[in-house]
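Enquirer: Sharing target_24.json below, JSON, C-alpha atoms:
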[["chain", "number", "residue", "atom", "x", "y", "z"],
["W", 1, "MET", "CA", -88.54, -52.18, 3.69],
["W", 2, "ARG", "CA", -85.36, -53.48, 5.26],
["W", 3, "SER", "CA", -83.72, -54.08, 1.89],
["W", 4, "GLU", "CA", -84.47, -50.55, 0.82],
["W", 5, "ALA", "CA", -82.92, -49.18, 3.99],
["W", 6, "GLU", "CA", -79.89, -51.39, 3.56],
["W", 7, "GLY", "CA", -79.58, -50.30, -0.07],
["W", 8, "ALA", "CA", -79.76, -46.66, 0.90],
["W", 9, "VAL", "CA", -76.64, -46.81, 3.06],
["W", 10, "PRO", "CA", -74.07, -47.31, 0.31],
["W", 11, "GLU", "CA", -75.78, -44.64, -1.77],
["W", 12, "GLU", "CA", -75.18, -42.15, 1.07],
["W", 13, "LYS", "CA", -71.54, -43.23, 1.58],
["W", 14, "GLU", "CA", -70.47, -43.08, -2.04],
["W", 15, "PRO", "CA", -70.64, -39.28, -2.39],
["W", 16, "VAL", "CA", -68.53, -38.94, 0.78],
["W", 17, "ASP", "CA", -65.85, -41.24, -0.58],
["W", 18, "SER", "CA", -65.73, -39.43, -3.93],
["W", 19, "ALA", "CA", -65.51, -36.04, -2.18],
["W", 20, "GLU", "CA", -62.51, -37.19, -0.16],
["W", 21, "GLU", "CA", -60.79, -38.35, -3.32],
["W", 22, "THR", "CA", -61.54, -35.05, -5.04],
["W", 23, "GLY", "CA", -60.17, -33.15, -2.07],
["W", 24, "ASP", "CA", -56.85, -35.03, -2.20],
["W", 25, "ASP", "CA", -56.41, -34.17, -5.87],
["W", 26, "SER", "CA", -57.02, -30.47, -5.22],
["W", 27, "GLU", "CA", -54.44, -30.42, -2.42],
["W", 28, "ASP", "CA", -51.82, -31.96, -4.71],
["W", 29, "ASP", "CA", -52.63, -29.43, -7.41],
["W", 30, "GLY", "CA", -52.27, -26.62, -4.87],
["W", 31, "LYS", "CA", -48.83, -27.82, -3.78],
["W", 32, "GLU", "CA", -47.67, -28.04, -7.38],
["W", 33, "LYS", "CA", -48.92, -24.53, -8.08],
["W", 34, "LYS", "CA", -47.14, -23.17, -5.00],
["W", 35, "GLN", "CA", -43.89, -24.85, -5.97],
["W", 36, "GLY", "CA", -44.21, -23.61, -9.52],
["W", 37, "SER", "CA", -44.89, -20.05, -8.42],
["W", 38, "PHE", "CA", -41.87, -20.13, -6.05],
["W", 39, "TRP", "CA", -39.45, -21.00, -8.85],
["W", 40, "LYS", "CA", -41.00, -18.32, -11.05],
["W", 41, "GLU", "CA", -40.67, -15.69, -8.31],
["W", 42, "LEU", "CA", -37.12, -16.69, -7.30],
["W", 43, "PRO", "CA", -35.35, -14.78, -10.13],
["W", 44, "ILE", "CA", -37.42, -11.70, -9.30],
["W", 45, "LEU", "CA", -36.46, -11.94, -5.62],
["W", 46, "ILE", "CA", -32.78, -12.28, -6.56],
["W", 47, "VAL", "CA", -32.95, -9.23, -8.84],
["W", 48, "VAL", "CA", -34.68, -7.18, -6.12],
["W", 49, "ALA", "CA", -32.06, -8.24, -3.57],
["W", 50, "VAL", "CA", -29.20, -7.26, -5.91],
["W", 51, "VAL", "CA", -30.79, -3.91, -6.72],
["W", 52, "LEU", "CA", -31.30, -3.13, -3.02],
["W", 53, "ALA", "CA", -27.71, -4.12, -2.28],
["W", 54, "LEU", "CA", -26.42, -1.84, -5.05],
["W", 55, "VAL", "CA", -28.55, 1.07, -3.82],
["W", 56, "ILE", "CA", -27.23, 0.62, -0.27],
["W", 57, "LYS", "CA", -23.69, 0.33, -1.65],
["W", 58, "ALA", "CA", -24.06, 3.52, -3.67],
["W", 59, "PHE", "CA", -25.42, 5.70, -0.88],
["W", 60, "ALA", "CA", -24.85, 4.17, 2.56],
["W", 61, "VAL", "CA", -22.51, 1.24, 3.20],
["W", 62, "GLN", "CA", -20.10, -0.53, 0.87],
["W", 63, "ALA", "CA", -17.94, -3.62, 1.37],
["W", 64, "PHE", "CA", -14.27, -3.50, 0.40],
["W", 65, "TYR", "CA", -11.69, -6.22, -0.11],
["W", 66, "ILE", "CA", -8.21, -5.64, 1.37],
["W", 67, "PRO", "CA", -5.73, -6.51, -1.41],
["W", 68, "SER", "CA", -2.37, -5.67, 0.21],
["W", 69, "GLY", "CA", -0.54, -5.70, 3.52],
["W", 70, "SER", "CA", -0.11, -1.92, 3.77],
["W", 71, "MET", "CA", -2.49, -1.71, 6.76],
["W", 72, "GLU", "CA", -1.19, -4.73, 8.74],
["W", 73, "ASN", "CA", -1.64, -5.66, 11.54],
["W", 74, "THR", "CA", -4.88, -3.67, 11.65],
["W", 75, "LEU", "CA", -6.09, -5.17, 8.37],
["W", 76, "GLN", "CA", -4.87, -8.38, 6.77],
["W", 77, "VAL", "CA", -4.80, -9.35, 3.10],
["W", 78, "GLY", "CA", -8.20, -10.82, 2.24],
["W", 79, "ASP", "CA", -10.12, -9.01, 5.00],
["W", 80, "ARG", "CA", -13.49, -7.52, 4.10],
["W", 81, "VAL", "CA", -14.45, -4.22, 5.69],
["W", 82, "LEU", "CA", -17.63, -2.16, 5.62],
["W", 83, "VAL", "CA", -17.26, 1.50, 4.72],
["W", 84, "ASN", "CA", -19.68, 4.15, 5.98],
["W", 85, "LYS", "CA", -20.38, 6.53, 3.08],
["W", 86, "ILE", "CA", -22.74, 8.80, 5.03],
["W", 87, "VAL", "CA", -20.56, 9.77, 7.99],
["W", 88, "TYR", "CA", -18.68, 12.57, 6.21],
["W", 89, "HIS", "CA", -21.94, 14.24, 5.31],
["W", 90, "THR", "CA", -22.43, 14.79, 9.04],
["W", 91, "ARG", "CA", -18.85, 15.50, 10.17],
["W", 92, "ASP", "CA", -15.40, 16.22, 8.76],
["W", 93, "VAL", "CA", -12.71, 13.61, 8.24],
["W", 94, "ALA", "CA", -10.87, 13.15, 11.55],
["W", 95, "ARG", "CA", -7.30, 12.25, 12.39],
["W", 96, "GLY", "CA", -7.03, 8.53, 13.02],
["W", 97, "ASP", "CA", -9.90, 7.57, 10.72],
["W", 98, "VAL", "CA", -9.26, 4.59, 8.46],
["W", 99, "ILE", "CA", -10.56, 5.79, 5.12],
["W", 100, "VAL", "CA", -11.10, 4.39, 1.64],
["W", 101, "PHE", "CA", -10.45, 6.86, -1.16],
["W", 102, "ASN", "CA", -10.18, 6.84, -4.92],
["W", 103, "GLY", "CA", -6.66, 7.42, -6.20],
["W", 104, "LEU", "CA", -7.63, 7.83, -9.84],
["W", 105, "ASP", "CA", -5.45, 10.46, -11.57],
["W", 106, "SER", "CA", -3.55, 11.17, -8.34],
["W", 107, "TRP", "CA", -1.77, 7.99, -7.21],
["W", 108, "ASP", "CA", -0.51, 5.02, -9.13],
["W", 109, "PRO", "CA", -2.23, 1.69, -8.35],
["W", 110, "GLU", "CA", -0.85, 0.01, -5.23],
["W", 111, "ILE", "CA", -1.54, -3.41, -6.77],
["W", 112, "GLN", "CA", -1.77, -4.54, -10.36],
["W", 113, "VAL", "CA", -5.02, -6.29, -11.27],
["W", 114, "ASN", "CA", -5.20, -8.08, -14.62],
["W", 115, "GLU", "CA", -8.03, -6.95, -16.86],
["W", 116, "PRO", "CA", -10.72, -9.63, -17.51],
["W", 117, "GLY", "CA", -10.37, -11.24, -20.92],
["W", 118, "ASN", "CA", -14.06, -11.62, -21.84],
["W", 119, "PRO", "CA", -17.41, -9.91, -21.16],
["W", 120, "VAL", "CA", -18.54, -12.57, -18.66],
["W", 121, "SER", "CA", -15.37, -12.14, -16.61],
["W", 122, "LYS", "CA", -15.83, -8.36, -16.67],
["W", 123, "VAL", "CA", -19.37, -8.67, -15.33],
["W", 124, "LEU", "CA", -18.25, -11.08, -12.60],
["W", 125, "ARG", "CA", -15.38, -8.75, -11.68],
["W", 126, "ALA", "CA", -17.74, -5.77, -11.47],
["W", 127, "ILE", "CA", -20.15, -7.71, -9.24],
["W", 128, "GLY", "CA", -17.30, -8.94, -7.06],
["W", 129, "THR", "CA", -15.92, -5.43, -6.65],
["W", 130, "ALA", "CA", -19.37, -4.05, -5.82],
["W", 131, "PHE", "CA", -19.85, -6.60, -3.04],
["W", 132, "GLY", "CA", -16.32, -6.46, -1.69],
["W", 133, "VAL", "CA", -15.13, -9.89, -2.79],
["W", 134, "ALA", "CA", -12.68, -8.68, -5.44],
["W", 135, "PRO", "CA", -10.01, -5.94, -5.34],
["W", 136, "ASN", "CA", -10.30, -2.56, -7.02],
["W", 137, "GLU", "CA", -6.92, -1.20, -8.12],
["W", 138, "LYS", "CA", -8.09, 2.43, -8.02],
["W", 139, "ASP", "CA", -9.21, 2.42, -4.37],
["W", 140, "TYR", "CA", -6.87, 2.73, -1.41],
["W", 141, "ILE", "CA", -7.29, 2.27, 2.32],
["W", 142, "LYS", "CA", -5.07, 4.29, 4.70],
["W", 143, "ARG", "CA", -5.14, 6.00, 8.08],
["W", 144, "VAL", "CA", -5.57, 9.78, 8.25],
["W", 145, "ILE", "CA", -2.63, 11.39, 10.06],
["W", 146, "GLY", "CA", -3.04, 15.04, 9.10],
["W", 147, "ILE", "CA", -6.10, 17.12, 8.21],
["W", 148, "PRO", "CA", -6.18, 20.55, 6.52],
["W", 149, "GLY", "CA", -3.93, 23.04, 8.33],
["W", 150, "ASP", "CA", -1.90, 20.41, 10.23],
["W", 151, "ARG", "CA", 1.87, 20.37, 10.20],
["W", 152, "VAL", "CA", 2.94, 16.72, 10.06],
["W", 153, "LYS", "CA", 6.59, 16.01, 10.73],
["W", 154, "CYS", "CA", 8.92, 13.08, 11.28],
["W", 155, "CYS", "CA", 10.72, 12.55, 13.31],
["W", 156, "ASP", "CA", 11.33, 14.08, 16.75],
["W", 157, "ALA", "CA", 14.22, 13.19, 19.05],
["W", 158, "GLN", "CA", 12.45, 9.95, 20.05],
["W", 159, "GLY", "CA", 11.73, 9.02, 16.43],
["W", 160, "ARG", "CA", 8.01, 9.82, 16.61],
["W", 161, "VAL", "CA", 5.66, 11.43, 14.09],
["W", 162, "THR", "CA", 4.39, 14.77, 15.36],
["W", 163, "VAL", "CA", 1.23, 16.65, 14.41],
["W", 164, "ASN", "CA", 1.31, 20.36, 15.22],
["W", 165, "GLY", "CA", 4.27, 19.64, 17.46],
["W", 166, "VAL", "CA", 2.45, 16.93, 19.45],
["W", 167, "PRO", "CA", 4.05, 13.45, 19.26],
["W", 168, "LEU", "CA", 1.85, 10.49, 18.36],
["W", 169, "ASP", "CA", 1.98, 7.25, 20.34],
["W", 170, "GLU", "CA", 1.41, 4.81, 17.50],
["W", 171, "GLY", "CA", 2.21, 1.60, 19.33],
["W", 172, "SER", "CA", -1.39, 0.39, 19.24],
["W", 173, "TYR", "CA", -1.58, 0.15, 15.46],
["W", 174, "LEU", "CA", 1.90, 0.15, 13.89],
["W", 175, "TYR", "CA", 2.82, -3.16, 12.27],
["W", 176, "THR", "CA", 4.49, -5.67, 14.59],
["W", 177, "ASP", "CA", 6.19, -8.74, 13.16],
["W", 178, "PRO", "CA", 4.34, -11.79, 14.56],
["W", 179, "ILE", "CA", 7.57, -13.83, 14.72],
["W", 180, "THR", "CA", 10.21, -11.36, 15.94],
["W", 181, "ASN", "CA", 7.78, -8.97, 17.67],
["W", 182, "GLU", "CA", 9.73, -6.13, 16.08],
["W", 183, "ARG", "CA", 7.62, -3.04, 15.45],
["W", 184, "ASN", "CA", 7.89, -0.76, 12.44],
["W", 185, "LYS", "CA", 9.46, 2.64, 12.95],
["W", 186, "PRO", "CA", 6.97, 5.51, 12.45],
["W", 187, "SER", "CA", 8.92, 6.35, 9.28],
["W", 188, "ASN", "CA", 12.30, 5.50, 7.81],
["W", 189, "ASP", "CA", 12.26, 8.71, 5.77],
["W", 190, "PRO", "CA", 12.08, 12.19, 7.34],
["W", 191, "PHE", "CA", 9.40, 14.60, 6.14],
["W", 192, "ASP", "CA", 7.90, 17.92, 7.13],
["W", 193, "ILE", "CA", 4.70, 19.08, 5.45],
["W", 194, "THR", "CA", 1.82, 21.43, 6.15],
["W", 195, "VAL", "CA", -1.44, 20.01, 4.82],
["W", 196, "LYS", "CA", -3.18, 22.42, 2.46],
["W", 197, "PRO", "CA", -6.93, 23.18, 2.58],
["W", 198, "GLY", "CA", -9.04, 20.42, 1.07],
["W", 199, "GLN", "CA", -6.24, 17.84, 1.42],
["W", 200, "LEU", "CA", -5.32, 14.96, 3.76],
["W", 201, "TRP", "CA", -2.02, 13.34, 4.77],
["W", 202, "VAL", "CA", -2.49, 9.57, 4.98],
["W", 203, "MET", "CA", -0.23, 6.68, 5.96],
["W", 204, "GLY", "CA", -0.50, 2.92, 6.19],
["W", 205, "ASP", "CA", -0.05, 1.11, 9.50],
["W", 206, "HIS", "CA", 2.61, -1.14, 7.93],
["W", 207, "ARG", "CA", 5.02, 1.74, 7.39],
["W", 208, "GLU", "CA", 7.78, -0.30, 5.76],
["W", 209, "LEU", "CA", 5.37, -1.69, 3.16],
["W", 210, "SER", "CA", 2.85, 1.11, 2.63],
["W", 211, "TYR", "CA", 3.04, 3.22, -0.51],
["W", 212, "ASP", "CA", 1.38, 6.26, 1.06],
["W", 213, "SER", "CA", 1.66, 10.07, 1.23],
["W", 214, "ARG", "CA", 5.40, 9.83, 1.96],
["W", 215, "SER", "CA", 5.98, 8.08, -1.35],
["W", 216, "HIS", "CA", 3.98, 10.63, -3.37],
["W", 217, "ARG", "CA", 5.65, 13.84, -2.21],
["W", 218, "GLY", "CA", 6.81, 14.48, -5.76],
["W", 219, "ASP", "CA", 3.22, 14.52, -7.02],
["W", 220, "PRO", "CA", 1.30, 17.80, -7.53],
["W", 221, "GLY", "CA", -0.41, 17.45, -4.14],
["W", 222, "GLY", "CA", 2.89, 16.93, -2.33],
["W", 223, "GLY", "CA", 1.73, 13.49, -1.25],
["W", 224, "THR", "CA", -1.64, 14.58, 0.12],
["W", 225, "ILE", "CA", -4.96, 13.37, -1.27],
["W", 226, "PRO", "CA", -8.10, 15.45, -1.96],
["W", 227, "VAL", "CA", -10.85, 15.29, 0.65],
["W", 228, "ASP", "CA", -13.44, 15.04, -2.12],
["W", 229, "ARG", "CA", -11.90, 11.74, -3.25],
["W", 230, "VAL", "CA", -12.73, 10.07, 0.07],
["W", 231, "ILE", "CA", -15.35, 7.34, -0.39],
["W", 232, "GLY", "CA", -16.01, 6.75, 3.30],
["W", 233, "ARG", "CA", -14.74, 5.55, 6.65],
["W", 234, "ALA", "CA", -13.95, 1.87, 7.24],
["W", 235, "PHE", "CA", -15.61, 1.12, 10.56],
["W", 236, "VAL", "CA", -15.82, -2.67, 10.92],
["W", 237, "ILE", "CA", -14.17, -5.89, 9.74],
["W", 238, "VAL", "CA", -16.83, -8.40, 8.73],
["W", 239, "TRP", "CA", -14.72, -11.20, 7.26],
["W", 240, "PRO", "CA", -13.15, -13.54, 8.20],
["W", 241, "VAL", "CA", -15.39, -14.16, 11.19],
["W", 242, "ASP", "CA", -12.52, -14.77, 13.61],
["W", 243, "ARG", "CA", -11.19, -11.26, 12.89],
["W", 244, "ALA", "CA", -14.52, -9.45, 12.99],
["W", 245, "GLY", "CA", -14.40, -6.22, 14.97],
["W", 246, "THR", "CA", -14.63, -2.44, 14.87],
["W", 247, "LEU", "CA", -12.00, 0.06, 13.71],
["W", 248, "PRO", "CA", -12.08, 2.85, 16.31],
["W", 249, "ILE", "CA", -9.96, 6.01, 16.34],
["W", 250, "PRO", "CA", -6.83, 5.37, 18.48],
["W", 251, "ASP", "CA", -6.61, 7.36, 21.71],
["W", 252, "THR", "CA", -3.44, 9.18, 20.63],
["W", 253, "PHE", "CA", -5.48, 11.18, 18.11],
["W", 254, "LYS", "CA", -7.76, 12.42, 20.89],
["W", 255, "GLN", "CA", -5.04, 14.56, 22.47],
["W", 256, "ARG", "CA", -6.27, 18.11, 22.96],
["W", 257, "GLY", "CA", -2.88, 19.50, 22.01],
["W", 258, "LEU", "CA", -3.31, 18.40, 18.39],
["W", 259, "ALA", "CA", -5.70, 21.30, 17.82],
["W", 260, "VAL", "CA", -3.51, 23.88, 19.58],
["W", 261, "PRO", "CA", -2.69, 25.97, 16.49],
["W", 262, "ALA", "CA", -6.34, 26.35, 15.53],
["W", 263, "ALA", "CA", -7.46, 26.91, 19.13],
["W", 264, "ALA", "CA", -4.67, 29.37, 19.80],
["W", 265, "ALA", "CA", -5.76, 31.50, 16.86],
["W", 266, "LEU", "CA", -9.29, 31.91, 18.22],
["W", 267, "PRO", "CA", -8.51, 33.92, 21.39],
["W", 268, "ALA", "CA", -6.22, 36.22, 19.40],
["W", 269, "THR", "CA", -8.97, 37.19, 16.99],
["W", 270, "PRO", "CA", -11.25, 39.03, 19.48],
["W", 271, "TYR", "CA", -8.23, 40.93, 20.88],
["W", 272, "ALA", "CA", -7.11, 41.95, 17.42],
["W", 273, "LEU", "CA", -10.63, 43.13, 16.55],
["W", 274, "GLY", "CA", -10.82, 45.02, 19.83],
["W", 275, "VAL", "CA", -7.58, 46.86, 19.12],
["W", 276, "LEU", "CA", -8.69, 47.75, 15.61],
["W", 277, "CYS", "CA", -12.01, 49.05, 16.89],
["W", 278, "THR", "CA", -10.42, 51.25, 19.58],
["W", 279, "LEU", "CA", -7.94, 52.94, 17.24],
["W", 280, "PRO", "CA", -10.56, 55.23, 15.59],
["W", 281, "LEU", "CA", -11.95, 56.17, 19.02],
["W", 282, "ALA", "CA", -8.49, 57.02, 20.30],
["W", 283, "TYR", "CA", -7.82, 59.14, 17.22],
["W", 284, "LEU", "CA", -11.09, 61.09, 17.60],
["W", 285, "ARG", "CA", -10.47, 61.60, 21.30],
["W", 286, "HIS", "CA", -7.03, 62.95, 20.53],
["W", 287, "ARG", "CA", -8.44, 65.36, 17.92],
["W", 288, "ARG", "CA", -11.10, 66.59, 20.34],
["W", 289, "TYR", "CA", -9.07, 67.05, 23.49],
["W", 290, "GLY", "CA", -5.57, 67.34, 22.13],
["W", 291, "LYS", "CA", -3.74, 70.56, 21.39],
["W", 292, "PRO", "CA", -4.52, 72.34, 18.10]]
Can you dump the structure from the file as structure tokens?
Expert:
Amino acid sequence: MRSEAEGAVPEEKEPVDSAEETGDDSEDDGKEKKQGSFWKELPILIVVAVVLALVIKAFAVQAFYIPSGSMENTLQVGDRVLVNKIVYHTRDVARGDVIVFNGLDSWDPEIQVNEPGNPVSKVLRAIGTAFGVAPNEKDYIKRVIGIPGDRVKCCDAQGRVTVNGVPLDEGSYLYTDPITNERNKPSNDPFDITVKPGQLWVMGDHRELSYDSRSHRGDPGGGTIPVDRVIGRAFVIVWPVDRAGTLPIPDTFKQRGLAVPAAAALPATPYALGVLCTLPLAYLRHRRYGKP
């Protein structure tokens, strides 16, 4: 009896041992399957991420690479900015906005970019441009100085740019030499232009280097650019990290006097309509009560 009991013990333990071994094998197989599925799914995840990024770029926010010094000190060569492509569906372009626009068929390229020599390079260039890590010779970035209807002039007795007769205090954004601390003049060349409907007068912050509206006055638009060519408003610097920050509208563009011509025309309209409306009444009253 005792030998049978003793012999029964190992028979009961053996299945337990074999089950543990089987369980270890299944766990290893599960890990291998998970790792295998991850590497299979990785390309799909990358494609989805790229597609989402392109959709966002096309409709909402796009990154741009700063290729020249025309907007120094506000923007440096190599900076990356994010451009809001939705904002101008909710409001008009405002004075002081830093905008990105397409100069195709209107302005010559501000920089010359060599064409890629092979299909792979072209694809890489297109991807780099889409994600703001490579320059696009057809896109410009400038500050809006005049909007439709504005009279932009330089310079007044103090050498300032004026908009609708109101001088701009541009000290907060005009280029200042980091060594000599000498600031650019608002403009070395005089100009006087009234911005036509659907157009914008734009200038770079580095006035001595910027090839902007002043340099294109001989073009059909008189130096202005079409509003419908505006891609969006640059609102933040995202790279390099030590220069990250927003791009707000300078206070000088918030002066109430800038809108004086448009505001002054509004009160005159009701008076003019009132006079026109009273003329027929005065005529009829004269016919009725006047002498025959």
Enquirer: Counting all atoms listed in the file, which residue out of W:Pro250, W:Leu45, W:Arg229, W:Lys138 sits closest to W:Leu174?
Expert: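 Among W:Pro250, W:Leu45, W:Arg229, W:Lys138, it is W:Pro250 that comes nearest to W:Leu174.
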Enquirer: Using all atoms listed in the file, which of the listed residues (W:Leu258, W:Val163, W:Ile44, W:Ile66) sits closest to W:Val195?
Expert: W:Val163
Enquirer: What is the atom CA of W:Asn102 to atom CA of W:Asp139 distance in Å?
Expert: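 Value for the atom CA of W:Asn102-atom CA of W:Asp139 distance: 4.6 Å.
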Enquirer: Got a sec to check which residues sit within 9 Å of (-13.0, 6.1, -3.4), counting all atoms listed in the file, and write them as a PDB file with C-alpha atoms, in the frame of the given file?
Expert:
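Produced file point.pdb, reproduced below:
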ATOM      1  CA  ILE W  99     -10.560   5.790   5.120  1.00  0.00           C
ATOM      2  CA  VAL W 100     -11.100   4.390   1.640  1.00  0.00           C
ATOM      3  CA  PHE W 101     -10.450   6.860  -1.160  1.00  0.00           C
ATOM      4  CA  ASN W 102     -10.180   6.840  -4.920  1.00  0.00           C
ATOM      5  CA  GLY W 103      -6.660   7.420  -6.200  1.00  0.00           C
ATOM      6  CA  LEU W 104      -7.630   7.830  -9.840  1.00  0.00           C
ATOM      7  CA  LYS W 138      -8.090   2.430  -8.020  1.00  0.00           C
ATOM      8  CA  ASP W 139      -9.210   2.420  -4.370  1.00  0.00           C
ATOM      9  CA  TYR W 140      -6.870   2.730  -1.410  1.00  0.00           C
ATOM     10  CA  ILE W 141      -7.290   2.270   2.320  1.00  0.00           C
ATOM     11  CA  ARG W 229     -11.900  11.740  -3.250  1.00  0.00           C
ATOM     12  CA  VAL W 230     -12.730  10.070   0.070  1.00  0.00           C
ATOM     13  CA  ILE W 231     -15.350   7.340  -0.390  1.00  0.00           C
ATOM     14  CA  GLY W 232     -16.010   6.750   3.300  1.00  0.00           C
TER      15      GLY W 232
END
Enquirer: Please, what distance in Å, to one decimal, runs between atom CA of W:Arg243 and atom CA of W:Asn181?
Expert: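 Going from atom CA of W:Arg243 over to atom CA of W:Asn181 covers 19.7 Å.
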Enquirer: Would you mind reading off the distance between atom CA of W:Thr90 and atom CA of W:Lys142, one decimal, in Å?
Expert: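 According to the coordinates, atom CA of W:Thr90 and atom CA of W:Lys142 are separated by 20.7 Å.
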Enquirer: Please enclose the listed atoms of stretch 209-219 of chain W in an axis-aligned box, pad each side by 6 Å, and write out the centre and the three edge lengths in Å, rounded to one decimal, as JSON.
Expert:
{"center_x": 4.1, "center_y": 6.4, "center_z": -1.9, "size_x": 17.4, "size_y": 28.2, "size_z": 22.2}
